[in-house]
$ cat upload-v7.cif   # mmCIF, C-alpha atoms
data_run
#
loop_
_atom_site.label_atom_id
_atom_site.label_comp_id
_atom_site.auth_asym_id
_atom_site.auth_seq_id
_atom_site.Cartn_x
_atom_site.Cartn_y
_atom_site.Cartn_z
CA MET A 1 0.00 0.00 0.00
CA LYS A 2 1.41 3.38 -1.03
CA PHE A 3 0.87 6.67 0.76
CA SER A 4 1.36 10.14 -0.60
CA TYR A 5 3.57 12.58 1.27
CA ARG A 6 0.50 14.61 2.19
CA GLU A 7 -1.30 11.55 3.63
CA LEU A 8 1.78 10.50 5.58
CA LEU A 9 2.26 13.99 7.02
CA GLY A 10 -1.40 14.14 7.98
CA SER A 11 -1.14 10.82 9.81
CA MET A 12 1.94 11.99 11.70
CA LEU A 13 0.23 15.20 12.78
CA SER A 14 -2.85 13.25 13.92
CA VAL A 15 -0.67 11.10 16.15
CA ALA A 16 1.03 14.21 17.51
CA CYS A 17 -2.32 15.74 18.42
CA ILE A 18 -3.47 12.54 20.13
CA CYS A 19 -0.30 12.59 22.22
CA GLY A 20 -1.13 16.09 23.49
CA LEU A 21 1.23 17.93 21.13
CA THR A 22 0.40 20.64 18.62
CA ALA A 23 1.78 21.26 15.16
CA ASN A 24 2.25 24.52 13.29
CA ALA A 25 1.61 25.24 9.61
CA PHE A 26 4.98 23.77 8.65
CA GLY A 27 4.26 20.43 10.31
CA GLN A 28 6.71 21.00 13.18
CA VAL A 29 5.63 19.57 16.50
CA ASN A 30 5.64 22.07 19.36
CA ALA A 31 6.04 21.49 23.09
CA PRO A 32 2.91 20.67 25.13
CA PRO A 33 0.94 23.65 26.49
CA GLY A 34 1.80 24.77 30.01
CA LYS A 35 5.52 25.27 29.56
CA LEU A 36 6.42 28.44 31.44
CA GLU A 37 9.51 30.60 31.18
CA VAL A 38 10.83 33.55 33.18
CA GLY A 39 8.79 36.64 32.30
CA ASP A 40 5.58 34.72 31.62
CA SER A 41 2.42 35.29 33.64
CA ALA A 42 1.91 32.57 36.22
CA PRO A 43 -1.17 30.39 35.74
CA ALA A 44 -3.98 30.60 38.26
CA PHE A 45 -4.48 27.32 40.06
CA THR A 46 -6.43 25.71 42.88
CA ALA A 47 -5.87 22.57 44.95
CA LYS A 48 -6.62 21.06 48.34
CA ASP A 49 -4.20 22.08 51.06
CA ASP A 50 -2.89 19.88 53.87
CA GLN A 51 -6.05 20.59 55.88
CA GLY A 52 -8.31 19.44 53.06
CA LYS A 53 -9.44 22.98 52.32
CA GLY A 54 -9.52 24.68 48.93
CA TRP A 55 -6.44 26.80 48.21
CA LYS A 56 -6.42 29.46 45.47
CA SER A 57 -3.35 31.12 44.04
CA THR A 58 -5.42 34.23 43.31
CA ASP A 59 -5.69 34.81 47.07
CA TYR A 60 -1.92 35.37 47.22
CA VAL A 61 -0.65 36.66 43.88
CA GLY A 62 -0.39 40.44 44.05
CA LYS A 63 -0.08 40.38 47.83
CA LYS A 64 2.96 38.16 48.39
CA ILE A 65 5.95 36.80 46.55
CA LEU A 66 4.84 33.24 45.91
CA VAL A 67 7.26 30.30 45.88
CA VAL A 68 5.73 27.22 44.27
CA TYR A 69 8.00 24.22 44.54
CA PHE A 70 7.14 20.84 43.06
CA TYR A 71 8.71 17.73 44.57
CA PRO A 72 8.39 13.97 44.01
CA ALA A 73 7.11 12.52 47.30
CA ASP A 74 6.46 13.13 50.98
CA LEU A 75 8.76 11.55 53.57
CA THR A 76 11.56 10.68 51.15
CA GLY A 77 15.20 11.70 51.48
CA GLY A 78 15.71 14.66 49.17
CA CYS A 79 12.17 15.95 49.62
CA THR A 80 12.58 15.94 53.38
CA LYS A 81 15.85 17.89 53.15
CA GLN A 82 14.17 20.42 50.84
CA ALA A 83 11.14 20.83 53.12
CA CYS A 84 13.25 21.16 56.25
CA GLY A 85 15.36 23.82 54.54
CA PHE A 86 12.24 25.89 53.92
CA ARG A 87 11.07 25.23 57.47
CA ASP A 88 14.36 26.45 58.94
CA ASP A 89 14.44 29.58 56.75
CA MET A 90 10.75 30.38 57.12
CA LYS A 91 11.21 33.39 59.41
CA LYS A 92 13.60 34.99 56.92
CA LEU A 93 11.26 34.22 54.02
CA GLN A 94 8.20 35.56 55.80
CA GLY A 95 10.18 38.68 56.68
CA GLU A 96 10.61 39.24 52.94
CA ASP A 97 6.85 38.83 52.32
CA VAL A 98 7.28 35.36 50.81
CA GLU A 99 4.62 32.63 50.84
CA VAL A 100 5.98 29.11 50.30
CA ILE A 101 3.84 26.37 48.78
CA GLY A 102 5.01 22.79 48.33
CA VAL A 103 3.20 20.72 45.69
CA SER A 104 3.32 16.96 45.11
CA GLY A 105 1.10 14.13 43.96
CA ASP A 106 0.57 13.04 47.56
CA SER A 107 -2.80 12.99 49.29
CA VAL A 108 -3.97 15.40 51.97
CA ARG A 109 -3.35 12.70 54.61
CA ASN A 110 0.20 12.11 53.36
CA HIS A 111 0.87 15.82 53.70
CA GLN A 112 -0.52 15.82 57.23
CA LEU A 113 1.83 12.98 58.21
CA PHE A 114 4.79 14.72 56.56
CA LYS A 115 4.09 18.03 58.30
CA LYS A 116 3.63 16.37 61.67
CA GLU A 117 6.78 14.26 61.42
CA TYR A 118 9.02 17.22 60.55
CA ASP A 119 7.09 20.13 62.08
CA LEU A 120 6.73 21.85 58.73
CA ASN A 121 5.48 25.43 58.97
CA PHE A 122 4.17 26.09 55.46
CA THR A 123 1.38 24.86 53.18
CA LEU A 124 1.52 21.66 51.14
CA LEU A 125 -0.90 21.14 48.25
CA ALA A 126 -2.28 17.77 47.14
CA ASP A 127 -1.92 17.52 43.36
CA GLU A 128 -2.91 13.88 43.01
CA ASP A 129 -3.91 14.11 39.34
CA GLY A 130 -0.99 16.36 38.38
CA GLY A 131 -3.27 19.17 37.25
CA VAL A 132 -1.24 21.93 38.90
CA ALA A 133 2.07 20.49 37.70
CA LYS A 134 0.76 20.39 34.13
CA LYS A 135 -0.12 24.09 34.26
CA PHE A 136 3.52 24.82 35.06
CA GLY A 137 4.87 22.34 32.51
CA VAL A 138 6.44 20.18 35.21
CA PRO A 139 7.25 16.64 33.99
CA LEU A 140 5.24 13.84 35.61
CA LYS A 141 5.76 10.13 36.10
CA GLU A 142 3.47 7.47 37.50
CA GLY A 143 2.64 7.58 41.19
CA GLY A 144 3.68 5.02 43.74
CA SER A 145 3.63 3.94 47.37
CA ILE A 146 6.10 3.95 50.23
CA LYS A 147 5.88 2.63 53.78
CA ARG A 148 7.04 4.67 56.76
CA THR A 149 6.79 4.19 60.53
CA ILE A 150 5.28 7.28 62.14
CA ASP A 151 4.52 7.46 65.87
CA GLY A 152 5.22 3.73 66.10
CA LYS A 153 2.66 2.89 63.43
CA GLU A 154 3.41 1.71 59.91
CA GLU A 155 1.80 3.95 57.34
CA THR A 156 1.45 3.42 53.60
CA LEU A 157 1.70 6.66 51.63
CA THR A 158 0.33 6.41 48.11
CA ARG A 159 0.67 9.26 45.62
CA GLY A 160 -1.25 9.72 42.38
CA VAL A 161 1.63 11.09 40.31
CA THR A 162 5.33 11.78 40.81
CA ALA A 163 6.40 15.30 39.82
CA ALA A 164 9.89 16.45 38.91
CA ARG A 165 11.68 18.68 41.41
CA TRP A 166 11.14 22.14 39.94
CA THR A 167 10.84 25.47 41.76
CA PHE A 168 9.16 28.69 40.60
CA VAL A 169 9.09 32.18 42.10
CA ILE A 170 6.15 34.44 41.22
CA ASP A 171 6.47 38.16 41.95
CA LYS A 172 3.70 40.46 43.16
CA ASN A 173 2.83 41.29 39.55
CA GLY A 174 2.04 37.64 38.89
CA LYS A 175 5.12 37.11 36.71
CA ILE A 176 7.53 34.16 36.82
CA VAL A 177 10.85 35.62 37.98
CA MET A 178 12.64 32.33 38.63
CA LYS A 179 12.34 28.85 37.17
CA ASN A 180 14.74 26.22 38.48
CA THR A 181 14.60 22.80 36.82
CA LYS A 182 17.83 21.57 38.43
CA VAL A 183 17.01 22.08 42.08
CA LYS A 184 19.49 21.07 44.75
CA ALA A 185 17.01 19.94 47.39
CA ALA A 186 18.93 20.92 50.52
CA ASP A 187 19.86 24.35 49.12
CA ASP A 188 16.54 25.38 47.58
CA SER A 189 15.45 27.77 50.33
CA LYS A 190 18.82 29.55 50.24
CA ALA A 191 18.52 29.96 46.46
CA ILE A 192 15.08 31.49 46.94
CA LEU A 193 16.39 33.98 49.50
CA GLU A 194 19.01 35.11 46.97
CA VAL A 195 16.35 35.61 44.30
CA VAL A 196 14.13 37.59 46.68
CA ASP A 197 17.10 39.76 47.65
CA GLN A 198 17.72 40.51 43.95
CA LEU A 199 14.08 41.52 43.49
CA LYS A 200 14.58 44.31 46.02
CA SER A 201 17.56 45.80 44.19
#

$ encode --input "upload-v7.cif" --output "structure tokens"
Amino acid sequence: MKFSYRELLGSMLSVACICGLTANAFGQVNAPPGKLEVGDSAPAFTAKDDQGKGWKSTDYVGKKILVVYFYPADLTGGCTKQACGFRDDMKKLQGEDVEVIGVSGDSVRNHQLFKKEYDLNFTLLADEDGGVAKKFGVPLKEGGSIKRTIDGKEETLTRGVTAARWTFVIDKNGKIVMKNTKVKAADDSKAILEVVDQLKS
């Protein structure tokens, strides 16, 4: 069976569209929607916080500098170091009018266990379907489960998706002023403080 060039190109573009990609007039496949760069307007998003309540970014953008950091999983090594870094630097961050939000594919209950175990003093959002991560263009993998002993009881923590470790800073004008796709977990809060300091100058 023979296909014309036009038919073959049309078939390729159909597959691209099915896979969530778009193609321009020249047949080139573009990146999926949601990819954000520095200078872009941050997307509005909502999710359940670690208390099971609705959290809206629009309640904070324009009033605070918003740090939105995506991480793979609660109660794992690198993610714990990252969270504890933000916890330890929270007074400095709050003094600079910064609101920190951690986002992962974990459930509300997982977040509650994580916060309790490490006395975390900032909000965690449950992004179990990856909807928030997709708005920011953050890569996702399948979810998973881990077992941890908390307060002498074995707990199974299951997450819907596993997000890449990316951090964004949104200024009071709602613009992305930092995008870090190569986050060093233990140093993330220090990197944020440097960015915030630069915003003042």

$ resolve_selection --input "upload-v7.cif" --expression "the PyMOL selection byres ((chain A and resi 75) around 12)" --output "ChimeraX atom specification"
/A:71-74,76-84,104,106,110-118,120,145-150,155-159

$ resolve_selection --input "upload-v7.cif" --expression "the PyMOL selection byres ((chain A and resi 96) around 12)" --output "number ranges by chain"
A: 63-67, 89-95, 97-100, 171, 192-200

$ residues_around --input "upload-v7.cif" --residues "segment 41-54 of chain A" --least-positions-apart "2" --cutoff "9 Å" --atoms "all atoms listed in the file" --output "ChimeraX atom specification"
/A:34,36-39,56-58,61,107-112,115,123-127,131-132,135-136,170,173-176

$ atom_distance --input "upload-v7.cif" --atom1 "atom CA of Tyr69 of chain A" --atom2 "atom CA of Lys141 of chain A"
16.6 Å

$ atom_distance --input "upload-v7.cif" --atom1 "atom CA of Trp166 of chain A" --atom2 "atom CA of Asn180 of chain A"
5.6 Å

$ closest_residue --input "upload-v7.cif" --among "A:Tyr60, A:Thr167, A:Lys35, A:Ala186" --to "Gly137 of chain A" --atoms "only C-alpha atoms"
A:Lys35

$ atom_distance --input "upload-v7.cif" --atom1 "atom CA of Phe86 of chain A" --atom2 "atom CA of Ser189 of chain A"
5.2 Å
